[in-house]
$ cat structure06.cif   # mmCIF, C-alpha atoms
data_run
#
loop_
_atom_site.label_atom_id
_atom_site.label_comp_id
_atom_site.auth_asym_id
_atom_site.auth_seq_id
_atom_site.Cartn_x
_atom_site.Cartn_y
_atom_site.Cartn_z
CA MET I 1 -12.21 -4.97 -42.80
CA SER I 2 -13.21 -5.61 -39.19
CA THR I 3 -10.80 -6.43 -36.39
CA ALA I 4 -12.08 -10.02 -36.17
CA GLU I 5 -11.46 -10.58 -39.89
CA GLN I 6 -7.93 -9.19 -39.61
CA GLN I 7 -7.19 -11.51 -36.68
CA GLN I 8 -8.51 -14.55 -38.57
CA GLN I 9 -5.95 -13.95 -41.33
CA ALA I 10 -3.02 -14.26 -38.90
CA PRO I 11 -0.74 -17.31 -39.31
CA GLN I 12 -0.85 -19.95 -36.62
CA GLU I 13 2.62 -19.04 -35.31
CA ILE I 14 1.51 -15.43 -34.77
CA ARG I 15 -1.66 -16.60 -33.01
CA ASN I 16 0.44 -18.79 -30.72
CA VAL I 17 2.60 -15.80 -29.79
CA VAL I 18 -0.47 -13.66 -29.12
CA ASN I 19 -2.09 -16.38 -27.00
CA PHE I 20 1.10 -16.65 -24.98
CA LEU I 21 1.27 -12.89 -24.39
CA ARG I 22 -2.42 -12.73 -23.48
CA ASN I 23 -2.08 -15.57 -20.99
CA SER I 24 -1.75 -14.39 -17.41
CA LYS I 25 1.04 -16.92 -16.79
CA ALA I 26 3.30 -15.12 -19.27
CA GLY I 27 3.85 -12.29 -16.80
CA LEU I 28 2.98 -9.41 -19.14
CA LYS I 29 2.10 -6.35 -17.07
CA ASN I 30 -1.33 -5.19 -18.30
CA ARG I 31 -2.91 -1.91 -17.28
CA VAL I 32 -6.50 -0.73 -17.51
CA GLY I 33 -7.39 2.23 -19.70
CA VAL I 34 -10.49 3.81 -21.22
CA LEU I 35 -10.91 3.83 -25.00
CA ASN I 36 -14.07 5.46 -26.41
CA GLY I 37 -15.81 5.06 -23.07
CA LYS I 38 -14.93 1.34 -22.70
CA ARG I 39 -12.31 -0.26 -20.49
CA VAL I 40 -9.44 -1.93 -22.31
CA ASP I 41 -6.20 -3.60 -21.25
CA TYR I 42 -2.97 -2.07 -22.51
CA PHE I 43 0.74 -2.70 -21.97
CA LYS I 44 4.08 -1.05 -22.55
CA GLY I 45 6.30 -2.23 -25.39
CA LYS I 46 9.36 -2.98 -23.26
CA SER I 47 7.25 -5.28 -21.07
CA ALA I 48 6.32 -7.41 -24.10
CA VAL I 49 9.97 -7.54 -25.19
CA LYS I 50 10.95 -8.78 -21.74
CA VAL I 51 8.31 -11.53 -21.89
CA LEU I 52 9.50 -12.74 -25.32
CA LEU I 53 13.06 -12.99 -23.98
CA SER I 54 11.98 -14.97 -20.91
CA PRO I 55 12.67 -18.70 -20.43
CA ALA I 56 8.92 -19.38 -20.44
CA TYR I 57 8.59 -18.21 -24.05
CA ALA I 58 11.66 -20.23 -25.07
CA LYS I 59 9.79 -23.38 -23.97
CA THR I 60 6.77 -22.71 -26.19
CA LYS I 61 6.19 -24.74 -29.35
CA ASN I 62 5.24 -23.60 -32.87
CA THR I 63 6.37 -20.02 -32.19
CA PRO I 64 9.13 -17.93 -33.82
CA LYS I 65 12.42 -18.06 -31.95
CA VAL I 66 13.53 -14.87 -30.23
CA THR I 67 17.13 -14.54 -29.03
CA SER I 68 17.64 -10.76 -28.98
CA GLU I 69 15.74 -7.53 -28.47
CA ALA I 70 15.93 -6.75 -32.18
CA GLU I 71 14.19 -10.03 -33.03
CA ALA I 72 11.56 -9.32 -30.39
CA HIS I 73 10.93 -5.85 -31.89
CA THR I 74 10.56 -7.36 -35.36
CA LEU I 75 8.15 -10.05 -34.17
CA LEU I 76 5.96 -7.62 -32.25
CA HIS I 77 5.91 -5.21 -35.19
CA SER I 78 4.74 -8.06 -37.48
CA ILE I 79 1.75 -8.71 -35.17
CA ILE I 80 0.35 -5.17 -35.41
CA PRO I 81 -1.18 -5.55 -38.95
CA PHE I 82 -3.45 -8.31 -37.62
CA ALA I 83 -4.94 -5.92 -35.02
CA PHE I 84 -4.48 -8.12 -31.97
CA PHE I 85 -3.11 -5.00 -30.32
CA LEU I 86 -2.65 -1.45 -31.61
CA ARG I 87 -0.47 1.47 -30.63
CA VAL I 88 -2.23 4.03 -28.42
CA ASP I 89 -1.42 7.39 -26.85
CA ARG I 90 -2.02 7.64 -23.11
CA GLY I 91 -3.72 10.74 -21.73
CA GLN I 92 -5.02 12.00 -18.42
CA PRO I 93 -6.97 9.92 -15.86
CA VAL I 94 -10.75 9.81 -16.16
CA GLY I 95 -11.29 10.99 -12.59
CA SER I 96 -8.81 10.95 -9.74
CA ALA I 97 -5.12 10.14 -10.09
CA SER I 98 -5.78 6.44 -9.39
CA SER I 99 -8.52 6.17 -12.06
CA PRO I 100 -7.85 4.50 -15.45
CA LYS I 101 -6.25 6.80 -18.01
CA ILE I 102 -7.75 7.69 -21.36
CA VAL I 103 -6.07 6.07 -24.37
CA GLN I 104 -6.48 6.97 -28.04
CA ILE I 105 -5.43 4.96 -31.09
CA ASN I 106 -2.37 6.41 -32.83
CA GLN I 107 -2.54 6.68 -36.62
CA MET I 108 1.13 5.68 -36.97
CA GLN I 109 1.12 1.96 -36.19
CA LEU I 110 4.62 0.69 -35.46
CA PHE I 111 6.34 -0.94 -32.54
CA LYS I 112 8.52 0.99 -30.09
CA PRO I 113 9.54 -0.22 -26.64
CA ASP I 114 8.55 3.07 -24.97
CA GLU I 115 5.06 3.21 -26.51
CA TYR I 116 1.77 1.75 -25.23
CA TYR I 117 -0.39 -0.87 -26.97
CA ALA I 118 -4.05 -1.69 -26.29
CA TRP I 119 -5.44 -5.21 -26.58
CA PHE I 120 -8.27 -5.95 -29.03
CA TYR I 121 -8.09 -9.70 -28.40
CA GLU I 122 -9.44 -11.47 -25.35
CA GLY I 123 -7.45 -14.67 -25.76
CA SER I 124 -8.74 -18.21 -25.59
CA GLN I 125 -12.30 -18.32 -24.23
CA TRP I 126 -12.60 -22.04 -23.50
CA THR I 127 -11.98 -21.53 -19.78
CA ASN I 128 -14.82 -18.99 -19.65
CA TYR I 129 -17.12 -21.42 -21.45
CA VAL I 130 -16.25 -24.27 -19.09
CA GLY I 131 -16.69 -22.03 -16.06
CA GLY I 132 -20.08 -20.82 -17.31
CA VAL I 133 -21.31 -24.36 -17.91
CA ALA I 134 -20.09 -25.45 -14.46
CA MET I 135 -21.83 -22.51 -12.80
CA VAL I 136 -25.13 -23.32 -14.53
CA ALA I 137 -24.80 -27.00 -13.57
CA VAL I 138 -24.16 -26.18 -9.90
CA THR I 139 -27.11 -23.78 -9.84
CA LEU I 140 -29.47 -26.35 -11.35
CA ALA I 141 -28.20 -29.02 -8.94
CA GLY I 142 -28.91 -26.73 -5.98
CA VAL I 143 -32.39 -25.83 -7.22
CA MET I 144 -33.25 -29.48 -7.81
CA PHE I 145 -31.97 -30.61 -4.39
CA PRO I 146 -35.46 -31.78 -3.22
CA LEU I 147 -35.52 -34.19 -6.17
CA TRP I 148 -32.21 -35.81 -5.26
CA PRO I 149 -32.23 -39.46 -4.13
CA PRO I 150 -32.41 -39.86 -0.33
CA ILE I 151 -28.87 -41.34 -0.20
CA LEU I 152 -27.33 -38.28 -1.89
CA ARG I 153 -29.23 -35.87 0.34
CA LEU I 154 -28.09 -37.78 3.43
CA GLY I 155 -24.49 -37.69 2.21
CA VAL I 156 -24.68 -33.91 1.65
CA TRP I 157 -26.09 -33.48 5.16
CA TYR I 158 -23.21 -35.45 6.72
CA LEU I 159 -20.67 -33.51 4.65
CA SER I 160 -22.14 -30.19 5.75
CA MET I 161 -22.00 -31.30 9.39
CA VAL I 162 -18.32 -32.21 9.02
CA LEU I 163 -17.51 -28.81 7.50
CA LEU I 164 -19.41 -26.98 10.25
CA GLY I 165 -17.58 -29.06 12.86
CA LEU I 166 -14.19 -28.12 11.40
CA ILE I 167 -15.09 -24.44 11.37
CA GLY I 168 -16.31 -24.66 14.98
CA LEU I 169 -13.13 -26.48 16.02
CA LEU I 170 -11.01 -23.75 14.44
CA LEU I 171 -12.92 -21.07 16.35
CA VAL I 172 -12.54 -22.97 19.64
CA ILE I 173 -8.78 -23.38 19.10
CA SER I 174 -8.46 -19.66 18.33
CA VAL I 175 -10.23 -18.69 21.56
CA ILE I 176 -8.26 -21.17 23.69
CA ARG I 177 -4.87 -20.06 22.28
CA LEU I 178 -5.74 -16.41 22.90
CA ILE I 179 -6.76 -17.08 26.53
CA PHE I 180 -3.63 -19.17 27.10
CA TYR I 181 -1.46 -16.40 25.62
CA ILE I 182 -3.00 -13.75 27.89
CA ILE I 183 -2.38 -15.96 30.95
CA THR I 184 1.24 -16.75 29.99
CA ILE I 185 2.07 -13.14 29.15
CA ILE I 186 1.20 -12.28 32.77
CA VAL I 187 2.71 -15.34 34.44
CA ALA I 188 5.64 -16.10 32.14
CA SER I 189 6.43 -13.07 30.00
CA PRO I 190 6.84 -12.66 26.98
CA GLY I 191 4.02 -15.20 26.58
CA ILE I 192 3.48 -18.46 24.72
CA TRP I 193 1.46 -19.01 21.56
CA ILE I 194 -0.19 -22.39 20.94
CA PHE I 195 0.02 -23.23 17.22
CA PRO I 196 1.89 -19.99 16.40
CA ARG I 197 1.54 -20.59 12.66
CA LEU I 198 -2.19 -21.30 12.75
CA PHE I 199 -3.08 -18.27 10.61
CA ALA I 200 0.19 -18.08 8.65
CA ASP I 201 0.30 -18.47 4.88
CA VAL I 202 1.47 -22.08 4.97
CA GLY I 203 0.03 -25.54 4.29
CA PHE I 204 -2.59 -27.25 6.43
CA VAL I 205 -0.12 -29.54 8.21
CA ASP I 206 2.47 -26.76 8.69
CA SER I 207 -0.18 -24.61 10.41
CA PHE I 208 0.02 -26.93 13.45
CA ILE I 209 3.84 -27.11 13.56
CA PRO I 210 5.34 -26.29 16.03
CA LEU I 211 2.92 -26.99 18.87
CA TRP I 212 3.94 -23.89 20.88
CA GLU I 213 6.44 -21.05 20.71
CA TRP I 214 7.59 -18.09 22.79
CA ASP I 215 6.35 -14.72 21.59
CA LEU I 216 9.82 -13.30 21.08
CA PRO I 217 10.38 -10.06 19.15
CA LYS I 218 11.71 -10.52 15.66
CA LYS I 219 15.42 -9.86 15.22
CA LYS I 220 16.49 -7.07 12.94
CA SER I 221 17.82 -8.25 9.63
CA LYS I 222 21.36 -7.53 8.52
CA LYS I 223 20.06 -5.13 5.87
CA LYS I 224 18.37 -2.95 8.49
CA LYS I 225 21.50 -2.93 10.66
CA SER I 226 23.69 -1.92 7.71
CA ALA I 227 21.20 0.81 6.80
CA GLU I 228 21.34 2.20 10.34
CA LYS I 229 25.16 2.20 10.28
CA SER I 230 25.22 4.02 6.95
CA GLU I 231 22.80 6.65 8.30
CA LYS I 232 25.05 7.21 11.33
CA ALA I 233 28.07 7.58 9.05
CA LYS I 234 26.22 10.14 6.95
CA ASN I 235 25.29 12.11 10.05
CA VAL I 236 28.94 12.23 11.15
CA ASP I 237 30.10 13.32 7.70
CA SER I 238 27.52 16.10 7.54
CA GLY I 239 28.51 17.52 10.93
CA ALA I 240 25.69 16.06 13.02
CA ALA I 241 26.05 15.76 16.81
CA THR I 242 27.76 12.67 18.12
CA PRO I 243 26.49 10.78 21.22
CA ASP I 244 29.02 12.49 23.57
CA GLY I 245 27.72 15.96 22.67
CA ALA I 246 30.65 16.95 20.42
CA VAL I 247 30.11 18.50 17.03
CA VAL I 248 32.49 17.81 14.17
CA GLU I 249 33.15 20.68 11.80
CA VAL I 250 35.02 20.27 8.57
CA ASP I 251 36.78 23.27 7.04
CA ASP I 252 37.55 23.81 3.38
CA SER I 253 40.94 22.12 3.66
CA GLY I 254 39.29 18.86 4.70
CA VAL I 255 40.64 18.91 8.30
CA SER I 256 38.14 17.94 10.98
CA THR I 257 38.17 20.07 14.13
CA PRO I 258 36.16 18.93 17.15
CA ASN I 259 34.10 21.61 18.87
CA SER I 260 32.70 20.52 22.23
CA ARG I 261 30.63 22.56 24.56
CA SER I 262 32.44 21.14 27.60
CA GLY I 263 36.02 21.53 26.33
CA SER I 264 35.93 24.66 24.22
CA ARG I 265 38.82 27.11 24.33
CA ALA I 266 38.63 30.87 23.97
CA ALA I 267 40.68 32.47 21.20
CA THR I 268 43.12 35.28 22.13
CA VAL I 269 44.43 38.05 19.92
CA GLU I 270 47.93 39.55 20.41
CA GLU I 271 49.05 42.87 19.04
CA VAL I 272 52.33 42.69 17.14
CA PRO I 273 54.30 45.96 17.01
CA ASP I 274 55.10 47.35 13.64
CA GLU I 275 58.83 47.22 12.90
CA ASN I 276 58.74 50.31 10.70
CA SER I 277 57.11 52.42 13.37
CA SER I 278 59.35 54.87 15.11
#

$ encode --input "structure06.cif" --output "structure tokens"
Amino acid sequence: MSTAEQQQQAPQEIRNVVNFLRNSKAGLKNRVGVLNGKRVDYFKGKSAVKVLLSPAYAKTKNTPKVTSEAEAHTLLHSIIPFAFFLRVDRGQPVGSASSPKIVQINQMQLFKPDEYYAWFYEGSQWTNYVGGVAMVAVTLAGVMFPLWPPILRLGVWYLSMVLLGLIGLLLVISVIRLIFYIITIIVASPGIWIFPRLFADVGFVDSFIPLWEWDLPKKKSKKKKSAEKSEKAKNVDSGAATPDGAVVEVDDSGVSTPNSRSGSRAATVEEVPDENSS
């Protein structure tokens, strides 16, 4: 029996679970491997368990309920006979260390959180079909542009001019803000940026807010400060030099004795006469 025939025999609830796991929005961490010379996606068992216990899966409809890890293990094990995914053994990389690793199908098919499972199901293909049709339609529309009505061609020309104008305006603003920053960094250090968030990962309106801003260095976060303090404390505990040049040594009894180059004292030895000597 082929893999496609096995998958067609799966109940609808199982297919819904598989479609959810295969969806990129589910958050399942897929990796790329090589099986019999072909690239395949595979995942680790514990990652699938985590996805089934997520709030996103709890909101799905017509799927088995999962409230514990044991139920997730049972559900994932029940999917294996339908060959949507199969247990595989991961080997060495094909080439360098960053290359995809070779995977081989394991004869013992069962679910374990620490094992790897390769996908033999591509998920719902309707988005690919719609995208393919849209791509063909856009290509045909571009090829048949000379046959468009004059009104449509004129509208496309105006639209293209508007887009080119916006791109040119963005370039002009970028050059002007750079020149203004160079002038202000000389005249009024540390300099002023016009539209400081112009190239930030924000919305279109937020890119132009605020209008200007001083180019001040970013303040260190509290986490960095605490990390620096902890490093200094470790240095002191390990006997590292302190800022004033003193070195702290700790003996076996746990008593700290300062040893400074400027205030060191020489040790003296006295001879004590033996009482029994005559």

$ resolve_selection --input "structure06.cif" --expression "the PyMOL selection byres ((chain I and resi 113) around 7)" --output "VMD selection string"
chain I and resid 44 to 46 111 to 112 114 to 115

$ resolve_selection --input "structure06.cif" --expression "the PyMOL selection byres ((chain I and resi 21) around 12)" --output "ChimeraX atom specification"
/I:14-20,22-30,42-43,45,47-54,56-57,60,63,76,79,84-85,119,121-124

$ resolve_selection --input "structure06.cif" --expression "the PyMOL selection byres ((chain I and resi 188-196) around 10)" --output "PDB file with C-alpha atoms, keeping the file's coordinate frame"
ATOM      1  CA  ILE I 173      -8.780 -23.380  19.100  1.00  0.00           C
ATOM      2  CA  SER I 174      -8.460 -19.660  18.330  1.00  0.00           C
ATOM      3  CA  ILE I 176      -8.260 -21.170  23.690  1.00  0.00           C
ATOM      4  CA  ARG I 177      -4.870 -20.060  22.280  1.00  0.00           C
ATOM      5  CA  LEU I 178      -5.740 -16.410  22.900  1.00  0.00           C
ATOM      6  CA  ILE I 179      -6.760 -17.080  26.530  1.00  0.00           C
ATOM      7  CA  PHE I 180      -3.630 -19.170  27.100  1.00  0.00           C
ATOM      8  CA  TYR I 181      -1.460 -16.400  25.620  1.00  0.00           C
ATOM      9  CA  ILE I 182      -3.000 -13.750  27.890  1.00  0.00           C
ATOM     10  CA  ILE I 183      -2.380 -15.960  30.950  1.00  0.00           C
ATOM     11  CA  THR I 184       1.240 -16.750  29.990  1.00  0.00           C
ATOM     12  CA  ILE I 185       2.070 -13.140  29.150  1.00  0.00           C
ATOM     13  CA  ILE I 186       1.200 -12.280  32.770  1.00  0.00           C
ATOM     14  CA  VAL I 187       2.710 -15.340  34.440  1.00  0.00           C
ATOM     15  CA  ARG I 197       1.540 -20.590  12.660  1.00  0.00           C
ATOM     16  CA  LEU I 198      -2.190 -21.300  12.750  1.00  0.00           C
ATOM     17  CA  PHE I 199      -3.080 -18.270  10.610  1.00  0.00           C
ATOM     18  CA  ALA I 200       0.190 -18.080   8.650  1.00  0.00           C
ATOM     19  CA  ASP I 206       2.470 -26.760   8.690  1.00  0.00           C
ATOM     20  CA  SER I 207      -0.180 -24.610  10.410  1.00  0.00           C
ATOM     21  CA  PHE I 208       0.020 -26.930  13.450  1.00  0.00           C
ATOM     22  CA  ILE I 209       3.840 -27.110  13.560  1.00  0.00           C
ATOM     23  CA  PRO I 210       5.340 -26.290  16.030  1.00  0.00           C
ATOM     24  CA  LEU I 211       2.920 -26.990  18.870  1.00  0.00           C
ATOM     25  CA  TRP I 212       3.940 -23.890  20.880  1.00  0.00           C
ATOM     26  CA  GLU I 213       6.440 -21.050  20.710  1.00  0.00           C
ATOM     27  CA  TRP I 214       7.590 -18.090  22.790  1.00  0.00           C
ATOM     28  CA  ASP I 215       6.350 -14.720  21.590  1.00  0.00           C
ATOM     29  CA  LEU I 216       9.820 -13.300  21.080  1.00  0.00           C
ATOM     30  CA  PRO I 217      10.380 -10.060  19.150  1.00  0.00           C
TER      31      PRO I 217
END

$ atom_distance --input "structure06.cif" --atom1 "atom CA of I:Leu147" --atom2 "atom CA of I:Tyr129"
27.1 Å

$ residues_near_point --input "structure06.cif" --point "(-16.5, 7.2, -23.9)" --cutoff "12 Å" --atoms "all atoms listed in the file" --output "PyMOL selection string"
chain I and resi 33-40+94+101-104

$ atom_distance --input "structure06.cif" --atom1 "atom CA of I:Tyr116" --atom2 "atom CA of I:Lys61"
27.2 Å

$ atom_distance --input "structure06.cif" --atom1 "atom CA of I:Ala72" --atom2 "atom CA of I:Gln125"
26.2 Å

$ closest_residue --input "structure06.cif" --among "I:Val32, I:Met1, I:Val88, I:Leu166" --to "I:Asn106" --atoms "all atoms listed in the file"
I:Val88

$ closest_residue --input "structure06.cif" --among "I:Leu86, I:Ala10, I:Val162, I:Val130" --to "I:Tyr117" --atoms "all atoms listed in the file"
I:Leu86

$ closest_residue --input "structure06.cif" --among "I:Ser78, I:Ala141, I:Gln12, I:Asn128" --to "I:Arg153" --atoms "all atoms listed in the file"
I:Ala141

$ build_atoms --input "structure06.cif" --residues "stretch 152-173 of chain I" --atoms "N, CA, C and O atoms" --output "PDB file, keeping the file's coordinate frame"
ATOM      1  N   LEU I 152     -28.136 -39.454  -1.584  1.00  0.00           N
ATOM      2  CA  LEU I 152     -27.330 -38.280  -1.890  1.00  0.00           C
ATOM      3  C   LEU I 152     -27.617 -37.141  -0.916  1.00  0.00           C
ATOM      4  O   LEU I 152     -26.704 -36.451  -0.446  1.00  0.00           O
ATOM      5  N   ARG I 153     -28.886 -36.936  -0.603  1.00  0.00           N
ATOM      6  CA  ARG I 153     -29.230 -35.870   0.340  1.00  0.00           C
ATOM      7  C   ARG I 153     -28.653 -36.142   1.725  1.00  0.00           C
ATOM      8  O   ARG I 153     -28.182 -35.226   2.400  1.00  0.00           O
ATOM      9  N   LEU I 154     -28.670 -37.424   2.136  1.00  0.00           N
ATOM     10  CA  LEU I 154     -28.090 -37.780   3.430  1.00  0.00           C
ATOM     11  C   LEU I 154     -26.577 -37.561   3.424  1.00  0.00           C
ATOM     12  O   LEU I 154     -25.998 -37.061   4.398  1.00  0.00           O
ATOM     13  N   GLY I 155     -25.933 -37.903   2.314  1.00  0.00           N
ATOM     14  CA  GLY I 155     -24.490 -37.690   2.210  1.00  0.00           C
ATOM     15  C   GLY I 155     -24.132 -36.208   2.267  1.00  0.00           C
ATOM     16  O   GLY I 155     -23.147 -35.822   2.908  1.00  0.00           O
ATOM     17  N   VAL I 156     -24.921 -35.348   1.607  1.00  0.00           N
ATOM     18  CA  VAL I 156     -24.680 -33.910   1.650  1.00  0.00           C
ATOM     19  C   VAL I 156     -24.868 -33.384   3.070  1.00  0.00           C
ATOM     20  O   VAL I 156     -24.116 -32.513   3.532  1.00  0.00           O
ATOM     21  N   TRP I 157     -25.857 -33.929   3.779  1.00  0.00           N
ATOM     22  CA  TRP I 157     -26.090 -33.480   5.160  1.00  0.00           C
ATOM     23  C   TRP I 157     -24.894 -33.825   6.045  1.00  0.00           C
ATOM     24  O   TRP I 157     -24.433 -32.993   6.825  1.00  0.00           O
ATOM     25  N   TYR I 158     -24.387 -35.060   5.937  1.00  0.00           N
ATOM     26  CA  TYR I 158     -23.210 -35.450   6.720  1.00  0.00           C
ATOM     27  C   TYR I 158     -21.997 -34.589   6.361  1.00  0.00           C
ATOM     28  O   TYR I 158     -21.225 -34.181   7.239  1.00  0.00           O
ATOM     29  N   LEU I 159     -21.803 -34.320   5.081  1.00  0.00           N
ATOM     30  CA  LEU I 159     -20.670 -33.510   4.650  1.00  0.00           C
ATOM     31  C   LEU I 159     -20.769 -32.088   5.212  1.00  0.00           C
ATOM     32  O   LEU I 159     -19.760 -31.511   5.659  1.00  0.00           O
ATOM     33  N   SER I 160     -21.973 -31.528   5.191  1.00  0.00           N
ATOM     34  CA  SER I 160     -22.140 -30.190   5.750  1.00  0.00           C
ATOM     35  C   SER I 160     -21.870 -30.166   7.245  1.00  0.00           C
ATOM     36  O   SER I 160     -21.298 -29.204   7.775  1.00  0.00           O
ATOM     37  N   MET I 161     -22.260 -31.233   7.959  1.00  0.00           N
ATOM     38  CA  MET I 161     -22.000 -31.300   9.390  1.00  0.00           C
ATOM     39  C   MET I 161     -20.493 -31.375   9.679  1.00  0.00           C
ATOM     40  O   MET I 161     -19.995 -30.770  10.639  1.00  0.00           O
ATOM     41  N   VAL I 162     -19.779 -32.113   8.849  1.00  0.00           N
ATOM     42  CA  VAL I 162     -18.320 -32.210   9.020  1.00  0.00           C
ATOM     43  C   VAL I 162     -17.665 -30.846   8.809  1.00  0.00           C
ATOM     44  O   VAL I 162     -16.787 -30.425   9.586  1.00  0.00           O
ATOM     45  N   LEU I 163     -18.075 -30.125   7.769  1.00  0.00           N
ATOM     46  CA  LEU I 163     -17.510 -28.810   7.500  1.00  0.00           C
ATOM     47  C   LEU I 163     -17.822 -27.832   8.634  1.00  0.00           C
ATOM     48  O   LEU I 163     -16.949 -27.070   9.076  1.00  0.00           O
ATOM     49  N   LEU I 164     -19.064 -27.858   9.133  1.00  0.00           N
ATOM     50  CA  LEU I 164     -19.410 -26.980  10.250  1.00  0.00           C
ATOM     51  C   LEU I 164     -18.620 -27.342  11.505  1.00  0.00           C
ATOM     52  O   LEU I 164     -18.213 -26.455  12.274  1.00  0.00           O
ATOM     53  N   GLY I 165     -18.384 -28.643  11.713  1.00  0.00           N
ATOM     54  CA  GLY I 165     -17.580 -29.060  12.860  1.00  0.00           C
ATOM     55  C   GLY I 165     -16.150 -28.574  12.775  1.00  0.00           C
ATOM     56  O   GLY I 165     -15.571 -28.130  13.775  1.00  0.00           O
ATOM     57  N   LEU I 166     -15.560 -28.610  11.564  1.00  0.00           N
ATOM     58  CA  LEU I 166     -14.190 -28.120  11.400  1.00  0.00           C
ATOM     59  C   LEU I 166     -14.102 -26.609  11.637  1.00  0.00           C
ATOM     60  O   LEU I 166     -13.158 -26.124  12.275  1.00  0.00           O
ATOM     61  N   ILE I 167     -15.091 -25.886  11.135  1.00  0.00           N
ATOM     62  CA  ILE I 167     -15.090 -24.440  11.370  1.00  0.00           C
ATOM     63  C   ILE I 167     -15.238 -24.129  12.853  1.00  0.00           C
ATOM     64  O   ILE I 167     -14.555 -23.263  13.411  1.00  0.00           O
ATOM     65  N   GLY I 168     -16.148 -24.871  13.540  1.00  0.00           N
ATOM     66  CA  GLY I 168     -16.310 -24.660  14.980  1.00  0.00           C
ATOM     67  C   GLY I 168     -15.059 -25.014  15.762  1.00  0.00           C
ATOM     68  O   GLY I 168     -14.690 -24.312  16.714  1.00  0.00           O
ATOM     69  N   LEU I 169     -14.377 -26.094  15.356  1.00  0.00           N
ATOM     70  CA  LEU I 169     -13.130 -26.480  16.020  1.00  0.00           C
ATOM     71  C   LEU I 169     -12.059 -25.412  15.862  1.00  0.00           C
ATOM     72  O   LEU I 169     -11.315 -25.109  16.810  1.00  0.00           O
ATOM     73  N   LEU I 170     -11.981 -24.815  14.668  1.00  0.00           N
ATOM     74  CA  LEU I 170     -11.010 -23.750  14.440  1.00  0.00           C
ATOM     75  C   LEU I 170     -11.290 -22.544  15.325  1.00  0.00           C
ATOM     76  O   LEU I 170     -10.367 -21.945  15.898  1.00  0.00           O
ATOM     77  N   LEU I 171     -12.565 -22.201  15.481  1.00  0.00           N
ATOM     78  CA  LEU I 171     -12.920 -21.070  16.350  1.00  0.00           C
ATOM     79  C   LEU I 171     -12.578 -21.367  17.809  1.00  0.00           C
ATOM     80  O   LEU I 171     -12.073 -20.499  18.528  1.00  0.00           O
ATOM     81  N   VAL I 172     -12.845 -22.599  18.254  1.00  0.00           N
ATOM     82  CA  VAL I 172     -12.540 -22.970  19.640  1.00  0.00           C
ATOM     83  C   VAL I 172     -11.037 -22.910  19.891  1.00  0.00           C
ATOM     84  O   VAL I 172     -10.574 -22.394  20.923  1.00  0.00           O
ATOM     85  N   ILE I 173     -10.238 -23.424  18.956  1.00  0.00           N
ATOM     86  CA  ILE I 173      -8.780 -23.380  19.100  1.00  0.00           C
ATOM     87  C   ILE I 173      -8.293 -21.936  19.159  1.00  0.00           C
ATOM     88  O   ILE I 173      -7.399 -21.597  19.952  1.00  0.00           O
TER      89      ILE I 173
END
